[in-house]
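Only one structure is covered here, and it is reproduced in the block below.
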Amino acid sequence: MDRLDAILAGMALTAQAPETQGAQTRYRMGLVDAWAIPTGASVLEIGCGQGDMTAVLAEAVGPEGRVVALDNADPSYGSPMTIGESMDFLRGTPLGCRVDARFLADVLDESLDFPDDSFDFVVMSHCSWYFESVEGFEAVLRRVRPWARRLCFAEWDLRPRSLDQMPHLLAVLVQGQVEATSERGDGNVRTPSSHEGLLRSLARSGWGPSAESSVDTSAMQDADWEIDACFRIVEERGAALPGLVRDFVYSQVDVLRGLARETGNVPLPSCVLLAERI
């Protein structure tokens with residue numbers, strides 16, 4: 001069994017959506033290769049969610065390595081399968097013995113602690129926009145800093161490389177505006193930060209980027225998902241926005257409807273960083 005097959009066998013959604021899960025897994029394998037996480041490494045993953053990254057990390061570290069995967073969500077969260085169900089499935093596969101998954105795990109809670117240098121790497125993959133504020137994101141970056149010398153980070157890059165990535169960008173920015181000017185929701189996009197904003201957050205939190213790359217995102221379905229989420233969020237919450245913001249958001253959604261395809265929208269590029277503790 002090759003690397004990809006071994007990881008896909010650990011993902012519950014492989015049986016339901018093999019093409020989608022395959023694309024998500026190949027991308028995350030590219031992240032691990034870019035970060036050069038070796039066999040035998042110990043990894044702390046922040047924001048593990050459904051375990052897409054967790055399974056790839058578990059395969060990468062091998063039988064002698066370990067992955068501690070944290071998420072502050074309740075295990076009943078998620079659809080079409082909850083994050084708890086997905087992680088339970090992974091635990092029942094050969095990769096599962098390398099994973100210690102913990103839900104309702106608030107990194108900022110003092111009861112959750114690890115000795116200094118407990119891990120070789122801290123991984124934060126496509127979870128930074130879930131934070132309710134930039135300050136909250138930076139607080140987590142500072143909190144995990146003593147636990148590992150290296151930070152592996154990946155997020156969507158708000159700098160499109162081609163015009164066909166504009167619908168994904170618009171969908172993200174509209175969601176960010178709705179979050180910033182109304183009661184906070186529970187969507188995937190709450191605090192979308194620019195590349196420059198990310199670098200500022202890292203510097204303020206005691207991390208210095210040592211390498212940066214971009215992993216191919218072209219096979220990913222996230223642009224379609226975020227465009228659909230944008231339409232849903234604006235339909236549900238748009239009318240309650242302040243007048244000028246509401247009109248501006250509606251205008252952007254009009255543009256998005258004109259640009260977006262029904263399916264097959266091209267996702268934004270990724271920003272992939274390896275940072276060192278400073």
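Chain labels run A, B, ... following the order of the structure tokens; each chain numbers its residues from 1, and ligands are numbered from 1 in the order shown.
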
- Item | Which of stretch 56-148 of chain A DSSP labels strand (DSSP E), written as a PyMOL selection string | chain A and resi 66-70+99-102+119-125+148

Suppose we keep all heavy atoms; can you now write the selection as a short mmCIF file (atom, residue, chain, number, x, y, z; two decimals), in the first residue's frame?
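out_18.cif, written as the output of this step:
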```cif
data_model
loop_
_atom_site.label_atom_id
_atom_site.label_comp_id
_atom_site.auth_asym_id
_atom_site.auth_seq_id
_atom_site.Cartn_x
_atom_site.Cartn_y
_atom_site.Cartn_z
N ARG A 66 4.64 10.58 16.79
CA ARG A 66 3.34 10.76 17.44
C ARG A 66 2.74 12.08 16.99
O ARG A 66 3.46 13.05 16.68
CB ARG A 66 3.45 10.73 18.96
CG ARG A 66 4.22 11.89 19.57
CD ARG A 66 4.11 11.92 21.07
NE ARG A 66 4.86 13.04 21.65
CZ ARG A 66 4.44 13.79 22.64
NH1 ARG A 66 3.25 13.58 23.17
NH2 ARG A 66 5.18 14.77 23.12
N VAL A 67 1.42 12.12 16.98
CA VAL A 67 0.68 13.33 16.63
C VAL A 67 -0.35 13.58 17.73
O VAL A 67 -1.23 12.74 17.97
CB VAL A 67 -0.04 13.18 15.28
CG1 VAL A 67 -0.84 14.44 14.96
CG2 VAL A 67 0.95 12.86 14.16
N VAL A 68 -0.25 14.71 18.41
CA VAL A 68 -1.27 15.15 19.35
C VAL A 68 -2.12 16.17 18.61
O VAL A 68 -1.63 17.23 18.22
CB VAL A 68 -0.65 15.76 20.62
CG1 VAL A 68 -1.75 16.28 21.54
CG2 VAL A 68 0.21 14.74 21.34
N ALA A 69 -3.38 15.84 18.38
CA ALA A 69 -4.27 16.66 17.56
C ALA A 69 -5.33 17.31 18.44
O ALA A 69 -6.10 16.61 19.10
CB ALA A 69 -4.92 15.80 16.47
N LEU A 70 -5.38 18.63 18.43
CA LEU A 70 -6.30 19.38 19.28
C LEU A 70 -7.33 20.14 18.45
O LEU A 70 -7.02 20.65 17.37
CB LEU A 70 -5.52 20.40 20.13
CG LEU A 70 -4.34 19.90 20.96
CD1 LEU A 70 -3.72 21.06 21.72
CD2 LEU A 70 -4.77 18.80 21.91
N VAL A 99 -1.94 8.60 16.94
CA VAL A 99 -2.70 9.84 17.12
C VAL A 99 -3.32 9.92 18.49
O VAL A 99 -3.97 8.97 18.95
CB VAL A 99 -3.80 9.96 16.04
CG1 VAL A 99 -4.67 11.19 16.29
CG2 VAL A 99 -3.19 10.01 14.65
N ASP A 100 -3.13 11.04 19.15
CA ASP A 100 -3.81 11.37 20.40
C ASP A 100 -4.69 12.58 20.11
O ASP A 100 -4.20 13.72 20.08
CB ASP A 100 -2.79 11.68 21.50
CG ASP A 100 -3.43 12.16 22.80
OD1 ASP A 100 -4.67 12.13 22.91
OD2 ASP A 100 -2.67 12.60 23.70
N ALA A 101 -5.98 12.36 19.84
CA ALA A 101 -6.90 13.43 19.45
C ALA A 101 -7.70 13.89 20.65
O ALA A 101 -8.25 13.07 21.40
CB ALA A 101 -7.83 12.97 18.34
N ARG A 102 -7.79 15.22 20.82
CA ARG A 102 -8.50 15.78 21.97
C ARG A 102 -9.42 16.91 21.48
O ARG A 102 -8.94 17.88 20.87
CB ARG A 102 -7.51 16.34 22.99
CG ARG A 102 -6.43 15.35 23.40
CD ARG A 102 -5.47 15.96 24.42
NE ARG A 102 -4.28 15.16 24.60
CZ ARG A 102 -3.31 15.45 25.47
NH1 ARG A 102 -3.41 16.54 26.23
NH2 ARG A 102 -2.24 14.67 25.56
N PHE A 119 7.53 18.95 21.59
CA PHE A 119 7.27 18.56 20.21
C PHE A 119 8.38 19.10 19.29
O PHE A 119 9.02 20.11 19.58
CB PHE A 119 5.92 19.11 19.75
CG PHE A 119 4.77 18.65 20.60
CD1 PHE A 119 4.30 19.44 21.64
CD2 PHE A 119 4.16 17.43 20.37
CE1 PHE A 119 3.25 19.02 22.44
CE2 PHE A 119 3.11 17.00 21.16
CZ PHE A 119 2.65 17.79 22.19
N ASP A 120 8.55 18.42 18.17
CA ASP A 120 9.46 18.91 17.15
C ASP A 120 8.80 19.99 16.30
O ASP A 120 9.47 20.92 15.84
CB ASP A 120 9.90 17.74 16.24
CG ASP A 120 10.63 16.67 17.00
OD1 ASP A 120 11.61 17.00 17.69
OD2 ASP A 120 10.21 15.50 16.92
N PHE A 121 7.49 19.86 16.08
CA PHE A 121 6.76 20.80 15.23
C PHE A 121 5.38 21.09 15.83
O PHE A 121 4.74 20.20 16.40
CB PHE A 121 6.53 20.22 13.83
CG PHE A 121 7.76 19.86 13.07
CD1 PHE A 121 8.30 18.58 13.17
CD2 PHE A 121 8.39 20.78 12.24
CE1 PHE A 121 9.43 18.22 12.46
CE2 PHE A 121 9.53 20.44 11.53
CZ PHE A 121 10.05 19.16 11.64
N VAL A 122 4.93 22.33 15.67
CA VAL A 122 3.53 22.68 15.83
C VAL A 122 2.97 22.93 14.44
O VAL A 122 3.58 23.65 13.64
CB VAL A 122 3.34 23.95 16.70
CG1 VAL A 122 1.88 24.38 16.68
CG2 VAL A 122 3.79 23.70 18.12
N VAL A 123 1.83 22.33 14.14
CA VAL A 123 1.21 22.46 12.82
C VAL A 123 -0.11 23.22 12.95
O VAL A 123 -0.96 22.86 13.78
CB VAL A 123 0.97 21.08 12.18
CG1 VAL A 123 0.09 21.21 10.93
CG2 VAL A 123 2.29 20.41 11.83
N MET A 124 -0.27 24.25 12.13
CA MET A 124 -1.54 24.97 12.01
C MET A 124 -1.87 25.05 10.52
O MET A 124 -1.29 25.85 9.78
CB MET A 124 -1.44 26.36 12.63
CG MET A 124 -1.14 26.35 14.12
SD MET A 124 -1.12 28.00 14.88
CE MET A 124 -2.88 28.39 14.86
N SER A 125 -2.78 24.21 10.09
CA SER A 125 -3.10 24.11 8.66
C SER A 125 -4.53 24.55 8.40
O SER A 125 -5.48 23.90 8.84
CB SER A 125 -2.91 22.65 8.20
OG SER A 125 -3.36 22.48 6.87
N ALA A 148 7.43 23.96 21.11
CA ALA A 148 8.16 23.46 19.94
C ALA A 148 8.99 24.59 19.35
O ALA A 148 8.61 25.76 19.44
CB ALA A 148 7.21 22.89 18.90
#
```

- Using the chain letters and numbers from this document, which residues of stretch 119-178 of chain A does DSSP assign to alpha helix (DSSP H), as a ChimeraX atom specification? /A:134-144,166-178

- One-decimal distance in Å that lies between atom CA of A:Pro80 and atom CA of A:Thr217: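 Separation between atom CA of A:Thr217 and atom CA of A:Pro80: 22.7 Å.
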
- Message: Applying 12 Å and only C-alpha atoms, which residues near A:Gly243 remain after dropping the ones on its own chain fewer than 6 positions away? List them as a list in words.
- Response: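 The contact residues come out as Thr181, Ser182, Val249 and Tyr250 of chain A.
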
Please, which residues in stretch 156-248 of chain A fall within 10 Å of stretch 266-270 of chain A when counting only C-alpha atoms, and what is the closest atom pair and distance in Å to one decimal for each, ordered by chain then residue number, as a Markdown table?
```
| residue | atom | partner | partner_atom | distance |
| --- | --- | --- | --- | --- |
| A:Trp156 | CA | A:Ser270 | CA | 4.5 |
| A:Asp157 | CA | A:Ser270 | CA | 5.0 |
| A:Leu158 | CA | A:Leu268 | CA | 7.0 |
| A:Arg159 | CA | A:Pro269 | CA | 7.5 |
| A:Pro160 | CA | A:Leu268 | CA | 5.8 |
| A:Arg161 | CA | A:Pro269 | CA | 7.2 |
| A:Ser162 | CA | A:Leu268 | CA | 8.8 |
| A:Leu163 | CA | A:Val266 | CA | 9.3 |
| A:Asp164 | CA | A:Val266 | CA | 6.0 |
| A:Gln165 | CA | A:Val266 | CA | 5.2 |
| A:Met166 | CA | A:Leu268 | CA | 7.9 |
| A:Pro167 | CA | A:Val266 | CA | 8.0 |
| A:His168 | CA | A:Pro267 | CA | 5.9 |
| A:Leu169 | CA | A:Leu268 | CA | 6.9 |
| A:Ser213 | CA | A:Ser270 | CA | 8.3 |
| A:Ser214 | CA | A:Ser270 | CA | 5.4 |
| A:Val215 | CA | A:Ser270 | CA | 6.1 |
| A:Asp216 | CA | A:Pro269 | CA | 7.1 |
| A:Thr217 | CA | A:Pro269 | CA | 6.1 |
| A:Ser218 | CA | A:Pro267 | CA | 6.3 |
| A:Ala219 | CA | A:Val266 | CA | 8.3 |
| A:Met220 | CA | A:Pro267 | CA | 6.7 |
| A:Gln221 | CA | A:Pro267 | CA | 7.2 |
| A:Asp222 | CA | A:Pro267 | CA | 6.3 |
| A:Ala223 | CA | A:Pro267 | CA | 4.7 |
| A:Asp224 | CA | A:Pro267 | CA | 8.0 |
| A:Trp225 | CA | A:Pro267 | CA | 9.9 |
| A:Glu226 | CA | A:Pro267 | CA | 9.5 |
```

- Message: Can you pull out the residues contacting stretch 190-204 of chain A? Cut-off 9 Å, using only C-alpha atoms, and skip same-chain residues under 3 positions away; I want them as a ChimeraX atom specification.
- Response: /A:128-135,137-138,141-142,156-159,172-173,175-180,184-187,207-209,271,275,278

- Message: Given only C-alpha atoms as the basis, pick out the residue of A:Pro115, A:Gly10, A:Pro242, A:Gly136 nearest to A:Gly96.
- Response: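 Closest to A:Gly96, using only C-alpha atoms: A:Gly10.
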
- Could you check how far atom CA of A:Val61 sits from atom CA of A:Ser76, in Å to one decimal?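 Between these atoms lies a distance of 27.8 Å.
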
- Top pick for closest residue to A:Val140, considering A:Glu59, A:Glu110, A:Glu236, A:Glu19 and counting only C-alpha atoms: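 Nearest candidate to A:Val140 out of A:Glu59, A:Glu110, A:Glu236, A:Glu19: A:Glu110.
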
- Find the distance between atom CA of A:Gly30 and atom CA of A:Asp2 and write it in Å to one decimal.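 Computing the Euclidean distance for atom CA of A:Gly30 and atom CA of A:Asp2 yields 15.0 Å.
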
- Message: List as JSON, numbers by chain the protein and nucleic acid residues near A:Ala105, meaning an atom at most 10 Å away when only C-alpha atoms are counted, but skip any in the same chain fewer than 6 places from it.
- Response: {"A": [46, 47, 69, 70, 71, 72, 73, 74, 111, 112]}

May I have the residues from that selection written out with N, CA, C and O atoms, as a short mmCIF file (atom, residue, chain, number, x, y, z; two decimals), in the first residue's frame?
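Written output follows (selection37.cif):
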```
data_model
loop_
_atom_site.label_atom_id
_atom_site.label_comp_id
_atom_site.auth_asym_id
_atom_site.auth_seq_id
_atom_site.Cartn_x
_atom_site.Cartn_y
_atom_site.Cartn_z
N ILE A 46 -2.82 21.95 15.81
CA ILE A 46 -3.85 22.84 16.33
C ILE A 46 -4.97 22.94 15.29
O ILE A 46 -4.73 23.26 14.14
N GLY A 47 -6.20 22.69 15.71
CA GLY A 47 -7.34 22.78 14.80
C GLY A 47 -7.44 21.59 13.88
O GLY A 47 -7.48 21.74 12.66
N ALA A 69 -3.38 15.84 18.38
CA ALA A 69 -4.27 16.66 17.56
C ALA A 69 -5.33 17.31 18.44
O ALA A 69 -6.10 16.61 19.10
N LEU A 70 -5.38 18.63 18.43
CA LEU A 70 -6.30 19.38 19.28
C LEU A 70 -7.33 20.14 18.45
O LEU A 70 -7.02 20.65 17.37
N ASP A 71 -8.53 20.22 18.99
CA ASP A 71 -9.57 21.08 18.39
C ASP A 71 -10.47 21.54 19.53
O ASP A 71 -10.82 20.75 20.41
N ASN A 72 -10.85 22.82 19.50
CA ASN A 72 -11.69 23.34 20.58
C ASN A 72 -13.17 23.08 20.34
O ASN A 72 -14.00 23.44 21.18
N ALA A 73 -13.53 22.46 19.22
CA ALA A 73 -14.93 22.18 18.92
C ALA A 73 -15.40 20.93 19.66
O ALA A 73 -14.62 20.06 20.05
N ASP A 74 -16.73 20.85 19.83
CA ASP A 74 -17.35 19.65 20.37
C ASP A 74 -17.25 18.54 19.33
O ASP A 74 -17.37 18.80 18.13
N SER A 111 -5.18 24.71 32.02
CA SER A 111 -5.19 23.29 32.37
C SER A 111 -4.62 22.42 31.24
O SER A 111 -4.26 21.25 31.48
N LEU A 112 -4.57 22.96 30.04
CA LEU A 112 -3.95 22.26 28.92
C LEU A 112 -2.52 22.76 28.79
O LEU A 112 -2.29 23.92 28.43
#
```

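Near A:Leu13, within a cut-off of 9 Å and counting only C-alpha atoms, sit the residues Leu8, Pro18, Thr20, Gln21, Pro80, Met81 and Ser86 of chain A, with same-chain residues fewer than 5 positions away left out.
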
Just write the chosen residues, N, CA, C and O atoms, as a PDB file, in the first residue's frame.
```pdb
ATOM      1  N   LEU A   8      -5.742   7.461   2.810  1.00  0.00           N
ATOM      2  CA  LEU A   8      -7.152   7.441   2.436  1.00  0.00           C
ATOM      3  C   LEU A   8      -7.910   6.349   3.181  1.00  0.00           C
ATOM      4  O   LEU A   8      -9.094   6.509   3.493  1.00  0.00           O
ATOM      5  N   PRO A  18     -14.693   9.753  -2.773  1.00  0.00           N
ATOM      6  CA  PRO A  18     -13.288   9.415  -2.981  1.00  0.00           C
ATOM      7  C   PRO A  18     -12.495  10.479  -3.729  1.00  0.00           C
ATOM      8  O   PRO A  18     -11.328  10.720  -3.396  1.00  0.00           O
ATOM      9  N   THR A  20     -13.087  13.795  -3.853  1.00  0.00           N
ATOM     10  CA  THR A  20     -12.915  14.952  -2.975  1.00  0.00           C
ATOM     11  C   THR A  20     -11.869  14.669  -1.910  1.00  0.00           C
ATOM     12  O   THR A  20     -10.951  15.468  -1.679  1.00  0.00           O
ATOM     13  N   GLN A  21     -11.978  13.524  -1.242  1.00  0.00           N
ATOM     14  CA  GLN A  21     -11.018  13.181  -0.200  1.00  0.00           C
ATOM     15  C   GLN A  21      -9.622  13.004  -0.783  1.00  0.00           C
ATOM     16  O   GLN A  21      -8.621  13.402  -0.172  1.00  0.00           O
ATOM     17  N   PRO A  80     -20.852  16.282   6.458  1.00  0.00           N
ATOM     18  CA  PRO A  80     -21.905  15.282   6.714  1.00  0.00           C
ATOM     19  C   PRO A  80     -21.534  14.281   7.805  1.00  0.00           C
ATOM     20  O   PRO A  80     -22.365  13.469   8.211  1.00  0.00           O
ATOM     21  N   MET A  81     -20.309  14.313   8.265  1.00  0.00           N
ATOM     22  CA  MET A  81     -19.872  13.451   9.360  1.00  0.00           C
ATOM     23  C   MET A  81     -19.266  14.339  10.430  1.00  0.00           C
ATOM     24  O   MET A  81     -18.564  15.305  10.124  1.00  0.00           O
ATOM     25  N   SER A  86     -15.369  11.103  12.525  1.00  0.00           N
ATOM     26  CA  SER A  86     -14.240  10.984  11.606  1.00  0.00           C
ATOM     27  C   SER A  86     -12.974  10.560  12.338  1.00  0.00           C
ATOM     28  O   SER A  86     -12.222   9.693  11.865  1.00  0.00           O
TER      29      SER A  86
END
```

- Residue among A:Gln252, A:Ser205, A:Gln50, A:Ser118 lying closest to A:Phe89, counting only C-alpha atoms: A:Gln50
